[in-house]
Every structure is written in structure tokens, then in C-alpha cells.
Amino acid sequence: MDELRIEKMELFKVPPRWLFLKITTKNGIIGWGEPVVEGKAATVEACVNELSQYVIGRSANDIEDIWQTLHRGGFYRGGPILMSAISGIDQALWDIKGKHLGVPVYELLGGAVRQKMKMYCWIGGDHPEVVLEQAVEKVKQGYKAVKMNATGPFEWIDSVKKIHAVSENMKMLRDEFGDDLDIGLDFHGRVHKGMVKRLIDELSPFNPMFFEEPVLSENNEALDHIYPYSSIPIATGERLFSRWDFKELLHRGTVDIIQPDLSHAGGISEVRRIASMAEAYDVALAPHCPLGPIALASCLHIDFTSINAIIQESSLGIHYNKGFDLLDYMDNPEVFEVKDGYIDLLKKPGLGVDINEEKLREGHKIGHNWVNPIWRNEDGSFTEW
């Protein structure tokens, strides 16, 4: 009987807003995945449980056939819930295969094209008073790049006063660090089409590394008009969930950096394909990752094997992680040490993350019910977070 036959799948909903998956094989190899949608952990948990009937009893070696079965076998396909559930399962299967063969996952994907990966961390942006303080802290931790939200709540058409205010954070950081710090600006889908060009005018003089999600992904056709307006690279894709979602965006030629999420866009298997698609369109890769250590490790294995990967997001110290941070569930946090702006090539078999199961089970007893903030404009109408 196949020693890699999958015998058990166990889920842990842990603070601050994460869901971990443990898959155990007949011969006792454990694989870890991170299947979660921020704010919908219980829904993804239910989806993983539904999909388990197609996973338990299979060989963990059959990564691609399991992926295809999970994606195509239910008739209705795609979307954040299903693809995030598949993502976590896929991550765990790659972890098992790497451990079984005694090699890091990137070796199974063709080997590394780089020896270290440039990193950035999030520093806020909604509230100007914390931006400089957090940026100084991240630089002291070894980062050479950061990202912040370009705006707080924004109306469909907003005031000149608020337009001018958005540049203050960038000016403050440029005054402090000059051009020595790369700064990504995330519009976070908060800005509607009618305001994007005004904000680009306001922010471009401070030379951001990229403008992220200038419009919501469902309005990506607006990039046809926004893209030629600025020389600043346009980044998007954290709310796209498969190669089919990225296909039209890449074909339109209105993106410079794609940002698939390894816990939302089909896991290691699918994001490897998305990265290769982007390479064919001469588009860079910068995976989205505001999640936990398993998601980050999965991102890094894609980065290490993708020639078009340029920078990697990390949630270390992000305000969501209050009380429970990226390294708290790990026995080997040193693998994510940032040295001179980079994380070195991971060396351990599988994903390279040793999960402290005792701490994980303690966190599971606490659980979480994290949800997005709900923001309102001054008139009481809903506004994007």
C-alpha cells in the first residue's frame, strides 16, 4: 500500500486571522497548508472539509491530479472560497512531497534562479501619524522596501483637501530616507475611477515603486485608461484566483506587476503557472501575502523559481497580527530573518517551516472571528476598506 496515502486532514483556526491545515500520510509525514480568506475562515474551513472526500485515501504524490479533480470535479469553479481551499491543500501536498524526497519545494519546481529574495513589509497609511515611526522600525529590522495604503476612506469623487493630504505620507518618507527606501503605494481598491488620475498626479512626483490596485479588480477595464497615464508601474491581482482570471488582464497589457496570493490563487501549482504566463507577457511577479508563515514560505518557493519575481510581501508586524505574529507558531523563525533587505534561500525539505503544534493547538482553542472593518463616508454611505 502507498506509504504516502493521505489518512488525515485537520484544521486549526488560530489568531490573528489564519486557518492552518495539517495533512498526515500513512507513513507519518506531515504537510502544512494555509487555506483561508481573510474574514471568511469558517467558510473556507467548511469547503476544505467538503473537498476532503477527494483527498483522503489518495497518494500525496498525485499533486496535479488532485488539483485538477478539486478544481474541475465540482462543476462550479473558481472564486475566493474554493480556490483558497484548494490552495491550502496544494501547499500541504508540496510540503509532503518535498519532505518525502528530502529536498526543498523549489528543487521540485526546477531549482532556484536566485539565492535570496527582496522583501517588503506593510507600514499602514490610513493614519499618517504612524507611517514614519513604522518605516523607521522596518528599516532597523533590515527592510529596504515598504508598502503603505495611499489613502484612508475615499469617496467616489472626493475633495481637493483630501487629494492634497494623500501626498503628505510620501513626502514625509522621502524627506527622511531620500531614494534609499523603495515605497509601494496601495490604493486597496478604495479609489474609484474618477479619482485615480488626480491621485496619480499628486503622488507621482515622489516616485513610488508601484501603484497597487488603483481600481477594484472587477473594474480592471478602467486600467485601459489609467495605465497609459503614468510611467509608475501598475500592480494588481490579489483578488484574482486562477490563471483564467489573470488571462484577460495580461492580454490587455495594462499591468506591470501581478500579485497572486498563494493562499487564494490555487496554491503553489497554480501560481507557478500564473507566474509563467506573466513571464510570457514580460510582466513581473510580486506575490501578495498578508497571512501566516506557511503562506509566506509557499510564496518564497515560487519566488525562488520564477525569474520575473521582483519582491515579496511579508505580514511580520502588521497591525492585524496583534498578540500573535508571523513567527509565533514556528520552531525555526530564523528562516525568515531579513538580512540587508533579503531573505536567504530556504534550505530545509518541503516548505521549510517547522510548525510548533503545541502553540498551534493553544491558538486553536482561542480561535478568531476576524472580519473586515466596515467604513462609512461622512454622509453615512458605505465606502471601500
# chains A, B, ... in the order shown; residues from 1 in each chain; ligands from 1
>>> residues_around(residues="range 376-383 of chain A", least_positions_apart="5", cutoff="9 Å", atoms="only C-alpha atoms", output="list in words")
Pro153, Phe154, Glu155, Trp156 and Arg190 of chain A
>>> residues_around(residues="range 25-28 of chain A", least_positions_apart="5", cutoff="9 Å", atoms="only C-alpha atoms", output="PyMOL selection string")
chain A and resi 2-8+59-60+96
>>> write_last_selection(atoms="C-alpha atoms", output="compact mmCIF listing (two decimals), in the first residue's frame")
# COMPACT_ATOMS: atom_id res chain seq x y z
CA ASP A 2 1.23 3.51 -0.86
CA GLU A 3 3.20 4.87 2.10
CA LEU A 4 2.14 8.41 1.10
CA ARG A 5 -1.56 7.58 1.24
CA ILE A 6 -3.35 10.52 2.88
CA GLU A 7 -5.01 9.38 6.09
CA LYS A 8 -5.98 12.54 7.97
CA SER A 59 -1.43 9.38 -2.62
CA ALA A 60 0.14 12.69 -1.66
CA ILE A 96 4.81 16.37 1.97
>>> select_by_dssp(residues="range 210-302 of chain A", states="strand (DSSP E or B)", output="list in words")
Phe210, Phe211, Glu212, Ile234, Ala235, Thr236, Ile257, Ile258, Asp261, Ala284, Leu285 and His288 of chain A
>>> residues_around(residues="range 356-363 of chain A", least_positions_apart="2", cutoff="10 Å", atoms="only C-alpha atoms", output="ChimeraX atom specification")
/A:12-16,20,22,324,328-332,353-354,365-368
>>> write_last_selection(atoms="N, CA and C atoms", output="compact mmCIF listing (two decimals), in the first residue's frame")
# COMPACT_ATOMS: atom_id res chain seq x y z
N PHE A 12 -6.95 24.10 11.86
CA PHE A 12 -6.73 24.90 13.06
C PHE A 12 -7.03 26.37 12.74
N LYS A 13 -8.09 26.89 13.33
CA LYS A 13 -8.41 28.31 13.15
C LYS A 13 -7.77 29.07 14.30
N VAL A 14 -6.75 29.86 14.00
CA VAL A 14 -5.91 30.46 15.04
C VAL A 14 -5.82 31.97 14.85
N PRO A 15 -5.58 32.69 15.97
CA PRO A 15 -5.37 34.13 15.86
C PRO A 15 -4.06 34.42 15.13
N PRO A 16 -3.95 35.57 14.44
CA PRO A 16 -4.92 36.65 14.46
C PRO A 16 -6.11 36.46 13.51
N PHE A 20 -4.94 27.05 9.45
CA PHE A 20 -3.87 26.14 9.07
C PHE A 20 -4.45 24.75 8.81
N LYS A 22 -3.36 20.65 8.42
CA LYS A 22 -2.37 19.61 8.63
C LYS A 22 -2.83 18.34 7.91
N PHE A 324 -0.44 37.92 18.18
CA PHE A 324 0.01 36.70 17.51
C PHE A 324 0.63 37.11 16.19
N ASP A 328 5.22 33.36 15.59
CA ASP A 328 4.83 32.82 16.90
C ASP A 328 4.47 31.33 16.86
N TYR A 329 4.08 30.81 15.70
CA TYR A 329 3.71 29.41 15.61
C TYR A 329 4.85 28.55 15.02
N MET A 330 6.06 29.12 14.95
CA MET A 330 7.18 28.44 14.30
C MET A 330 8.24 28.02 15.30
N ASP A 331 8.87 26.87 15.03
CA ASP A 331 10.03 26.44 15.80
C ASP A 331 11.34 26.90 15.16
N ASN A 332 11.29 27.37 13.92
CA ASN A 332 12.50 27.83 13.24
C ASN A 332 12.29 29.21 12.62
N VAL A 353 9.22 25.17 6.83
CA VAL A 353 8.67 25.79 8.03
C VAL A 353 8.34 24.70 9.04
N ASP A 354 8.91 24.80 10.23
CA ASP A 354 8.61 23.87 11.31
C ASP A 354 7.54 24.48 12.21
N LYS A 365 -7.64 26.84 20.40
CA LYS A 365 -8.60 26.96 21.50
C LYS A 365 -9.13 28.39 21.60
N ILE A 366 -8.29 29.36 21.27
CA ILE A 366 -8.71 30.77 21.30
C ILE A 366 -9.53 31.09 20.06
N GLY A 367 -9.04 30.63 18.89
CA GLY A 367 -9.74 30.88 17.63
C GLY A 367 -9.73 32.35 17.25
N HIS A 368 -10.59 32.68 16.32
CA HIS A 368 -10.75 34.09 15.93
C HIS A 368 -12.04 34.25 15.16
>>> closest_residue(among="A:Val136, A:Ile81, A:Val215, A:Ile307", to="Met117 in chain A", atoms="only C-alpha atoms")
A:Ile307
>>> residues_around(residues="Ala41 in chain A", least_positions_apart="6", cutoff="8 Å", atoms="only C-alpha atoms", output="JSON, numbers by chain")
{"A": [13, 17, 18, 19]}
>>> select_by_dssp(residues="range 78-250 of chain A", states="helix (DSSP H, G or I)", output="CSV table (one decimal) with N, CA and C atoms, in the first residue's frame")
chain,number,residue,atom,x,y,z
A,80,PRO,N,-13.1,33.0,-4.6
A,80,PRO,CA,-12.1,33.0,-3.5
A,80,PRO,C,-12.2,31.8,-2.5
A,81,ILE,N,-13.4,31.3,-2.3
A,81,ILE,CA,-13.6,30.2,-1.3
A,81,ILE,C,-13.0,28.9,-1.8
A,82,LEU,N,-13.5,28.5,-2.9
A,82,LEU,CA,-13.0,27.2,-3.5
A,82,LEU,C,-11.5,27.3,-3.7
A,83,MET,N,-11.0,28.3,-4.4
A,83,MET,CA,-9.6,28.4,-4.7
A,83,MET,C,-8.7,28.5,-3.5
A,84,SER,N,-9.2,29.2,-2.4
A,84,SER,CA,-8.4,29.2,-1.2
A,84,SER,C,-8.3,27.9,-0.5
A,85,ALA,N,-9.4,27.1,-0.6
A,85,ALA,CA,-9.4,25.8,0.0
A,85,ALA,C,-8.4,24.9,-0.8
A,86,ILE,N,-8.5,25.0,-2.1
A,86,ILE,CA,-7.5,24.2,-2.9
A,86,ILE,C,-6.1,24.7,-2.7
A,87,SER,N,-5.9,25.9,-2.4
A,87,SER,CA,-4.6,26.5,-2.2
A,87,SER,C,-3.9,25.8,-1.0
A,88,GLY,N,-4.6,25.8,0.1
A,88,GLY,CA,-4.1,25.2,1.3
A,88,GLY,C,-3.8,23.7,1.2
A,89,ILE,N,-4.7,23.0,0.5
A,89,ILE,CA,-4.4,21.6,0.3
A,89,ILE,C,-3.2,21.4,-0.6
A,90,ASP,N,-3.1,22.2,-1.7
A,90,ASP,CA,-2.0,22.1,-2.6
A,90,ASP,C,-0.6,22.4,-1.9
A,91,GLN,N,-0.6,23.4,-1.0
A,91,GLN,CA,0.6,23.7,-0.3
A,91,GLN,C,1.1,22.6,0.6
A,92,ALA,N,0.1,22.0,1.3
A,92,ALA,CA,0.4,20.8,2.1
A,92,ALA,C,1.0,19.6,1.4
A,93,LEU,N,0.4,19.4,0.2
A,93,LEU,CA,0.9,18.3,-0.6
A,93,LEU,C,2.3,18.5,-1.1
A,94,TRP,N,2.6,19.7,-1.5
A,94,TRP,CA,4.0,20.0,-1.9
A,94,TRP,C,5.0,19.9,-0.7
A,95,ASP,N,4.5,20.3,0.4
A,95,ASP,CA,5.3,20.1,1.7
A,95,ASP,C,5.6,18.7,1.9
A,96,ILE,N,4.6,17.8,1.8
A,96,ILE,CA,4.8,16.4,2.0
A,96,ILE,C,5.8,15.8,0.9
A,97,LYS,N,5.6,16.2,-0.3
A,97,LYS,CA,6.5,15.6,-1.4
A,97,LYS,C,7.9,16.0,-1.1
A,98,GLY,N,8.1,17.3,-0.8
A,98,GLY,CA,9.5,17.7,-0.5
A,98,GLY,C,10.1,17.0,0.7
A,99,LYS,N,9.4,16.8,1.7
A,99,LYS,CA,9.9,16.1,2.9
A,99,LYS,C,10.1,14.6,2.6
A,100,HIS,N,9.3,14.0,1.8
A,100,HIS,CA,9.5,12.6,1.4
A,100,HIS,C,10.7,12.4,0.6
A,101,LEU,N,11.0,13.4,-0.3
A,101,LEU,CA,12.2,13.3,-1.2
A,101,LEU,C,13.4,13.9,-0.6
A,105,VAL,N,10.9,22.6,-1.7
A,105,VAL,CA,9.9,22.5,-2.8
A,105,VAL,C,10.5,23.2,-4.1
A,106,TYR,N,11.3,24.2,-3.9
A,106,TYR,CA,11.8,24.9,-5.2
A,106,TYR,C,12.6,24.0,-6.0
A,107,GLU,N,13.3,23.0,-5.4
A,107,GLU,CA,14.0,22.0,-6.2
A,107,GLU,C,13.1,21.1,-7.0
A,108,LEU,N,11.9,20.9,-6.6
A,108,LEU,CA,10.9,20.1,-7.3
A,108,LEU,C,10.3,20.9,-8.5
A,128,PRO,N,-1.7,59.0,9.1
A,128,PRO,CA,-0.3,59.5,8.9
A,128,PRO,C,0.6,59.5,10.1
A,129,GLU,N,0.1,59.6,11.3
A,129,GLU,CA,0.9,59.7,12.5
A,129,GLU,C,1.8,58.5,12.7
A,130,VAL,N,1.5,57.3,12.1
A,130,VAL,CA,2.2,56.1,12.4
A,130,VAL,C,3.2,55.7,11.3
A,131,VAL,N,3.1,56.4,10.1
A,131,VAL,CA,3.8,56.0,9.0
A,131,VAL,C,5.3,56.1,9.2
A,132,LEU,N,5.8,57.2,9.6
A,132,LEU,CA,7.2,57.4,9.7
A,132,LEU,C,7.8,56.5,10.8
A,133,GLU,N,7.1,56.4,11.9
A,133,GLU,CA,7.5,55.6,13.0
A,133,GLU,C,7.7,54.1,12.6
A,134,GLN,N,6.7,53.6,11.8
A,134,GLN,CA,6.7,52.2,11.4
A,134,GLN,C,7.8,52.0,10.3
A,135,ALA,N,8.0,53.0,9.4
A,135,ALA,CA,9.0,52.9,8.4
A,135,ALA,C,10.4,52.8,9.0
A,136,VAL,N,10.7,53.7,10.0
A,136,VAL,CA,12.0,53.6,10.7
A,136,VAL,C,12.2,52.3,11.4
A,137,GLU,N,11.1,51.7,12.0
A,137,GLU,CA,11.2,50.4,12.6
A,137,GLU,C,11.6,49.3,11.6
A,138,LYS,N,10.9,49.4,10.5
A,138,LYS,CA,11.2,48.3,9.5
A,138,LYS,C,12.6,48.4,8.9
A,139,VAL,N,13.1,49.6,8.7
A,139,VAL,CA,14.4,49.8,8.2
A,139,VAL,C,15.4,49.3,9.2
A,140,LYS,N,15.2,49.5,10.5
A,140,LYS,CA,16.0,48.9,11.5
A,140,LYS,C,16.0,47.4,11.5
A,160,VAL,N,-10.6,68.3,-2.8
A,160,VAL,CA,-9.2,68.7,-3.1
A,160,VAL,C,-8.4,68.6,-1.9
A,161,LYS,N,-8.9,68.9,-0.7
A,161,LYS,CA,-8.2,68.9,0.5
A,161,LYS,C,-7.7,67.4,0.8
A,162,LYS,N,-8.5,66.4,0.5
A,162,LYS,CA,-8.1,65.0,0.8
A,162,LYS,C,-7.1,64.6,-0.3
A,163,ILE,N,-7.3,65.1,-1.5
A,163,ILE,CA,-6.3,64.8,-2.6
A,163,ILE,C,-4.9,65.3,-2.2
A,164,HIS,N,-4.8,66.5,-1.7
A,164,HIS,CA,-3.5,67.0,-1.3
A,164,HIS,C,-3.0,66.3,-0.1
A,165,ALA,N,-3.9,65.8,0.8
A,165,ALA,CA,-3.4,65.2,2.0
A,165,ALA,C,-2.7,63.8,1.7
A,166,VAL,N,-3.1,63.1,0.7
A,166,VAL,CA,-2.5,61.8,0.4
A,166,VAL,C,-1.0,61.8,0.1
A,167,SER,N,-0.5,63.0,-0.3
A,167,SER,CA,0.9,63.1,-0.6
A,167,SER,C,1.8,63.3,0.6
A,168,GLU,N,1.2,63.7,1.7
A,168,GLU,CA,2.0,64.0,2.9
A,168,GLU,C,2.8,62.8,3.4
A,169,ASN,N,2.2,61.6,3.4
A,169,ASN,CA,2.9,60.5,3.8
A,169,ASN,C,4.2,60.2,3.0
A,170,MET,N,4.0,60.3,1.7
A,170,MET,CA,5.1,60.1,0.8
A,170,MET,C,6.2,61.1,0.9
A,171,LYS,N,5.8,62.4,1.1
A,171,LYS,CA,6.7,63.5,1.3
A,171,LYS,C,7.5,63.2,2.6
A,172,MET,N,6.8,62.8,3.6
A,172,MET,CA,7.5,62.6,4.9
A,172,MET,C,8.6,61.5,4.8
A,173,LEU,N,8.2,60.4,4.1
A,173,LEU,CA,9.2,59.3,3.9
A,173,LEU,C,10.4,59.7,3.0
A,174,ARG,N,10.1,60.4,1.9
A,174,ARG,CA,11.2,60.9,1.1
A,174,ARG,C,12.1,61.9,1.8
A,175,ASP,N,11.5,62.7,2.6
A,175,ASP,CA,12.3,63.7,3.4
A,175,ASP,C,13.3,62.9,4.3
A,176,GLU,N,12.8,61.8,4.9
A,176,GLU,CA,13.5,61.0,5.9
A,176,GLU,C,14.6,60.1,5.2
A,177,PHE,N,14.2,59.4,4.1
A,177,PHE,CA,15.0,58.4,3.6
A,177,PHE,C,15.5,58.7,2.2
A,193,LYS,N,-12.7,55.1,-10.2
A,193,LYS,CA,-12.0,55.5,-11.5
A,193,LYS,C,-11.9,57.0,-11.6
A,194,GLY,N,-12.9,57.8,-11.2
A,194,GLY,CA,-12.9,59.2,-11.4
A,194,GLY,C,-11.8,59.9,-10.6
A,195,MET,N,-11.2,59.3,-9.6
A,195,MET,CA,-10.2,59.9,-8.7
A,195,MET,C,-8.8,59.4,-8.9
A,196,VAL,N,-8.6,58.4,-9.7
A,196,VAL,CA,-7.3,57.7,-9.8
A,196,VAL,C,-6.3,58.6,-10.5
A,197,LYS,N,-6.7,59.3,-11.6
A,197,LYS,CA,-5.7,60.1,-12.2
A,197,LYS,C,-5.3,61.3,-11.4
A,198,ARG,N,-6.2,61.9,-10.6
A,198,ARG,CA,-5.9,63.0,-9.8
A,198,ARG,C,-4.9,62.6,-8.7
A,199,LEU,N,-5.1,61.4,-8.2
A,199,LEU,CA,-4.1,60.9,-7.1
A,199,LEU,C,-2.8,60.5,-7.8
A,200,ILE,N,-2.8,60.0,-9.0
A,200,ILE,CA,-1.5,59.7,-9.7
A,200,ILE,C,-0.7,61.1,-9.9
A,201,ASP,N,-1.5,62.1,-10.2
A,201,ASP,CA,-0.8,63.4,-10.4
A,201,ASP,C,-0.2,63.9,-9.1
A,202,GLU,N,-0.9,63.6,-8.0
A,202,GLU,CA,-0.4,64.1,-6.7
A,202,GLU,C,0.8,63.3,-6.2
A,203,LEU,N,0.8,62.0,-6.5
A,203,LEU,CA,1.8,61.1,-5.9
A,203,LEU,C,3.0,60.8,-6.7
A,204,SER,N,2.9,60.9,-8.0
A,204,SER,CA,4.0,60.6,-8.9
A,204,SER,C,5.3,61.3,-8.7
A,205,PRO,N,5.2,62.6,-8.3
A,205,PRO,CA,6.5,63.3,-8.0
A,205,PRO,C,7.4,62.6,-6.9
A,206,PHE,N,6.8,61.8,-6.1
A,206,PHE,CA,7.5,61.1,-5.0
A,206,PHE,C,8.0,59.8,-5.4
A,217,SER,N,-10.7,45.0,-8.7
A,217,SER,CA,-10.4,44.0,-9.8
A,217,SER,C,-11.6,43.9,-10.7
A,218,GLU,N,-12.8,44.0,-10.2
A,218,GLU,CA,-14.0,43.9,-11.1
A,218,GLU,C,-14.1,45.1,-12.1
A,219,ASN,N,-13.3,46.1,-11.9
A,219,ASN,CA,-13.3,47.3,-12.8
A,219,ASN,C,-12.0,47.4,-13.5
A,220,ASN,N,-11.3,46.2,-13.7
A,220,ASN,CA,-10.0,46.3,-14.4
A,220,ASN,C,-10.0,46.8,-15.8
A,221,GLU,N,-11.2,46.9,-16.4
A,221,GLU,CA,-11.2,47.5,-17.8
A,221,GLU,C,-10.8,49.0,-17.7
A,222,ALA,N,-11.0,49.6,-16.5
A,222,ALA,CA,-10.6,51.0,-16.3
A,222,ALA,C,-9.1,51.2,-16.5
A,223,LEU,N,-8.3,50.1,-16.3
A,223,LEU,CA,-6.9,50.2,-16.4
A,223,LEU,C,-6.5,50.6,-17.9
A,224,ASP,N,-7.4,50.3,-18.8
A,224,ASP,CA,-7.1,50.7,-20.2
A,224,ASP,C,-6.9,52.2,-20.3
A,225,HIS,N,-7.5,53.0,-19.4
A,225,HIS,CA,-7.4,54.5,-19.5
A,225,HIS,C,-6.3,54.9,-18.4
A,226,ILE,N,-6.2,54.2,-17.3
A,226,ILE,CA,-5.3,54.6,-16.3
A,226,ILE,C,-3.8,54.2,-16.6
A,227,TYR,N,-3.6,53.0,-17.2
A,227,TYR,CA,-2.3,52.5,-17.5
A,227,TYR,C,-1.4,53.5,-18.3
A,228,PRO,N,-1.9,54.0,-19.4
A,228,PRO,CA,-1.1,54.9,-20.2
A,228,PRO,C,-0.9,56.3,-19.6
A,229,TYR,N,-1.5,56.6,-18.5
A,229,TYR,CA,-1.5,57.9,-17.9
A,229,TYR,C,-0.2,58.1,-17.1
A,243,ARG,N,-5.5,31.2,-13.2
A,243,ARG,CA,-4.9,31.6,-14.5
A,243,ARG,C,-5.9,32.2,-15.4
A,244,TRP,N,-7.1,31.7,-15.3
A,244,TRP,CA,-8.2,32.2,-16.2
A,244,TRP,C,-8.6,33.6,-15.8
A,245,ASP,N,-8.5,34.0,-14.5
A,245,ASP,CA,-8.8,35.3,-14.1
A,245,ASP,C,-7.6,36.3,-14.6
A,246,PHE,N,-6.4,35.8,-14.6
A,246,PHE,CA,-5.3,36.6,-15.0
A,246,PHE,C,-5.2,36.7,-16.5
A,247,LYS,N,-5.8,35.8,-17.2
A,247,LYS,CA,-5.6,35.7,-18.7
A,247,LYS,C,-6.0,37.0,-19.4
A,248,GLU,N,-7.2,37.5,-19.0
A,248,GLU,CA,-7.6,38.8,-19.7
A,248,GLU,C,-6.8,40.0,-19.3
A,249,LEU,N,-6.4,40.1,-18.1
A,249,LEU,CA,-5.6,41.2,-17.6
A,249,LEU,C,-4.3,41.2,-18.3
A,250,LEU,N,-3.6,40.1,-18.4
A,250,LEU,CA,-2.3,40.0,-19.1
A,250,LEU,C,-2.5,40.3,-20.6
>>> decode(residues="range 87-173 of chain A", atoms="C-alpha atoms", output="PDB file, in the first residue's frame")
ATOM      1  CA  SER A  87      -4.566  26.476  -2.214  1.00  0.00           C
ATOM      2  CA  GLY A  88      -4.060  25.181   1.311  1.00  0.00           C
ATOM      3  CA  ILE A  89      -4.420  21.554   0.250  1.00  0.00           C
ATOM      4  CA  ASP A  90      -1.958  22.089  -2.592  1.00  0.00           C
ATOM      5  CA  GLN A  91       0.615  23.748  -0.290  1.00  0.00           C
ATOM      6  CA  ALA A  92       0.423  20.835   2.136  1.00  0.00           C
ATOM      7  CA  LEU A  93       0.889  18.263  -0.638  1.00  0.00           C
ATOM      8  CA  TRP A  94       4.016  20.014  -1.920  1.00  0.00           C
ATOM      9  CA  ASP A  95       5.290  20.137   1.662  1.00  0.00           C
ATOM     10  CA  ILE A  96       4.807  16.375   1.973  1.00  0.00           C
ATOM     11  CA  LYS A  97       6.468  15.600  -1.350  1.00  0.00           C
ATOM     12  CA  GLY A  98       9.492  17.727  -0.513  1.00  0.00           C
ATOM     13  CA  LYS A  99       9.865  16.108   2.894  1.00  0.00           C
ATOM     14  CA  HIS A 100       9.451  12.630   1.408  1.00  0.00           C
ATOM     15  CA  LEU A 101      12.201  13.268  -1.156  1.00  0.00           C
ATOM     16  CA  GLY A 102      14.369  15.265   1.241  1.00  0.00           C
ATOM     17  CA  VAL A 103      14.514  18.474  -0.829  1.00  0.00           C
ATOM     18  CA  PRO A 104      13.025  21.993  -0.632  1.00  0.00           C
ATOM     19  CA  VAL A 105       9.945  22.537  -2.795  1.00  0.00           C
ATOM     20  CA  TYR A 106      11.771  24.900  -5.160  1.00  0.00           C
ATOM     21  CA  GLU A 107      14.033  21.997  -6.170  1.00  0.00           C
ATOM     22  CA  LEU A 108      10.928  20.125  -7.331  1.00  0.00           C
ATOM     23  CA  LEU A 109       9.904  23.160  -9.406  1.00  0.00           C
ATOM     24  CA  GLY A 110      13.137  23.201 -11.399  1.00  0.00           C
ATOM     25  CA  GLY A 111      15.589  24.696  -8.936  1.00  0.00           C
ATOM     26  CA  ALA A 112      16.340  28.198  -7.733  1.00  0.00           C
ATOM     27  CA  VAL A 113      17.056  31.099 -10.069  1.00  0.00           C
ATOM     28  CA  ARG A 114      18.208  33.324  -7.162  1.00  0.00           C
ATOM     29  CA  GLN A 115      19.893  32.857  -3.802  1.00  0.00           C
ATOM     30  CA  LYS A 116      17.848  35.403  -1.862  1.00  0.00           C
ATOM     31  CA  MET A 117      14.558  37.300  -2.213  1.00  0.00           C
ATOM     32  CA  LYS A 118      13.969  41.002  -1.719  1.00  0.00           C
ATOM     33  CA  MET A 119      11.273  41.669   0.887  1.00  0.00           C
ATOM     34  CA  TYR A 120       8.888  44.436   1.858  1.00  0.00           C
ATOM     35  CA  CYS A 121       6.571  44.953   4.812  1.00  0.00           C
ATOM     36  CA  TRP A 122       3.392  46.968   5.294  1.00  0.00           C
ATOM     37  CA  ILE A 123       3.519  50.198   7.339  1.00  0.00           C
ATOM     38  CA  GLY A 124      -0.051  51.479   7.394  1.00  0.00           C
ATOM     39  CA  GLY A 125      -1.009  54.669   5.577  1.00  0.00           C
ATOM     40  CA  ASP A 126      -4.573  55.070   6.816  1.00  0.00           C
ATOM     41  CA  HIS A 127      -3.312  57.223   9.683  1.00  0.00           C
ATOM     42  CA  PRO A 128      -0.322  59.478   8.887  1.00  0.00           C
ATOM     43  CA  GLU A 129       0.933  59.685  12.468  1.00  0.00           C
ATOM     44  CA  VAL A 130       2.233  56.093  12.416  1.00  0.00           C
ATOM     45  CA  VAL A 131       3.801  55.954   8.952  1.00  0.00           C
ATOM     46  CA  LEU A 132       7.225  57.427   9.709  1.00  0.00           C
ATOM     47  CA  GLU A 133       7.521  55.586  13.016  1.00  0.00           C
ATOM     48  CA  GLN A 134       6.746  52.239  11.383  1.00  0.00           C
ATOM     49  CA  ALA A 135       9.025  52.877   8.417  1.00  0.00           C
ATOM     50  CA  VAL A 136      11.959  53.649  10.720  1.00  0.00           C
ATOM     51  CA  GLU A 137      11.237  50.441  12.639  1.00  0.00           C
ATOM     52  CA  LYS A 138      11.153  48.329   9.453  1.00  0.00           C
ATOM     53  CA  VAL A 139      14.417  49.807   8.188  1.00  0.00           C
ATOM     54  CA  LYS A 140      16.039  48.942  11.527  1.00  0.00           C
ATOM     55  CA  GLN A 141      14.747  45.361  11.058  1.00  0.00           C
ATOM     56  CA  GLY A 142      16.601  45.126   7.764  1.00  0.00           C
ATOM     57  CA  TYR A 143      13.993  46.084   5.156  1.00  0.00           C
ATOM     58  CA  LYS A 144      14.880  48.265   2.198  1.00  0.00           C
ATOM     59  CA  ALA A 145      11.326  48.445   0.909  1.00  0.00           C
ATOM     60  CA  VAL A 146       7.911  49.075   2.463  1.00  0.00           C
ATOM     61  CA  LYS A 147       4.316  49.424   1.308  1.00  0.00           C
ATOM     62  CA  MET A 148       1.524  51.603   2.644  1.00  0.00           C
ATOM     63  CA  ASN A 149      -2.048  52.464   1.802  1.00  0.00           C
ATOM     64  CA  ALA A 150      -2.228  55.570  -0.331  1.00  0.00           C
ATOM     65  CA  THR A 151      -5.439  56.791   1.286  1.00  0.00           C
ATOM     66  CA  GLY A 152      -7.884  56.279   4.094  1.00  0.00           C
ATOM     67  CA  PRO A 153     -11.634  56.216   3.297  1.00  0.00           C
ATOM     68  CA  PHE A 154     -12.271  57.841  -0.069  1.00  0.00           C
ATOM     69  CA  GLU A 155     -15.491  58.936  -1.718  1.00  0.00           C
ATOM     70  CA  TRP A 156     -16.341  58.298  -5.365  1.00  0.00           C
ATOM     71  CA  ILE A 157     -15.351  61.899  -6.100  1.00  0.00           C
ATOM     72  CA  ASP A 158     -13.536  63.458  -3.150  1.00  0.00           C
ATOM     73  CA  SER A 159     -12.326  66.864  -2.057  1.00  0.00           C
ATOM     74  CA  VAL A 160      -9.215  68.749  -3.130  1.00  0.00           C
ATOM     75  CA  LYS A 161      -8.206  68.855   0.532  1.00  0.00           C
ATOM     76  CA  LYS A 162      -8.118  65.041   0.750  1.00  0.00           C
ATOM     77  CA  ILE A 163      -6.328  64.789  -2.576  1.00  0.00           C
ATOM     78  CA  HIS A 164      -3.533  67.015  -1.284  1.00  0.00           C
ATOM     79  CA  ALA A 165      -3.409  65.164   2.027  1.00  0.00           C
ATOM     80  CA  VAL A 166      -2.521  61.816   0.433  1.00  0.00           C
ATOM     81  CA  SER A 167       0.895  63.057  -0.646  1.00  0.00           C
ATOM     82  CA  GLU A 168       1.977  64.029   2.881  1.00  0.00           C
ATOM     83  CA  ASN A 169       2.937  60.475   3.844  1.00  0.00           C
ATOM     84  CA  MET A 170       5.120  60.058   0.768  1.00  0.00           C
ATOM     85  CA  LYS A 171       6.738  63.456   1.269  1.00  0.00           C
ATOM     86  CA  MET A 172       7.488  62.584   4.896  1.00  0.00           C
ATOM     87  CA  LEU A 173       9.191  59.319   3.904  1.00  0.00           C
TER      88      LEU A 173
END
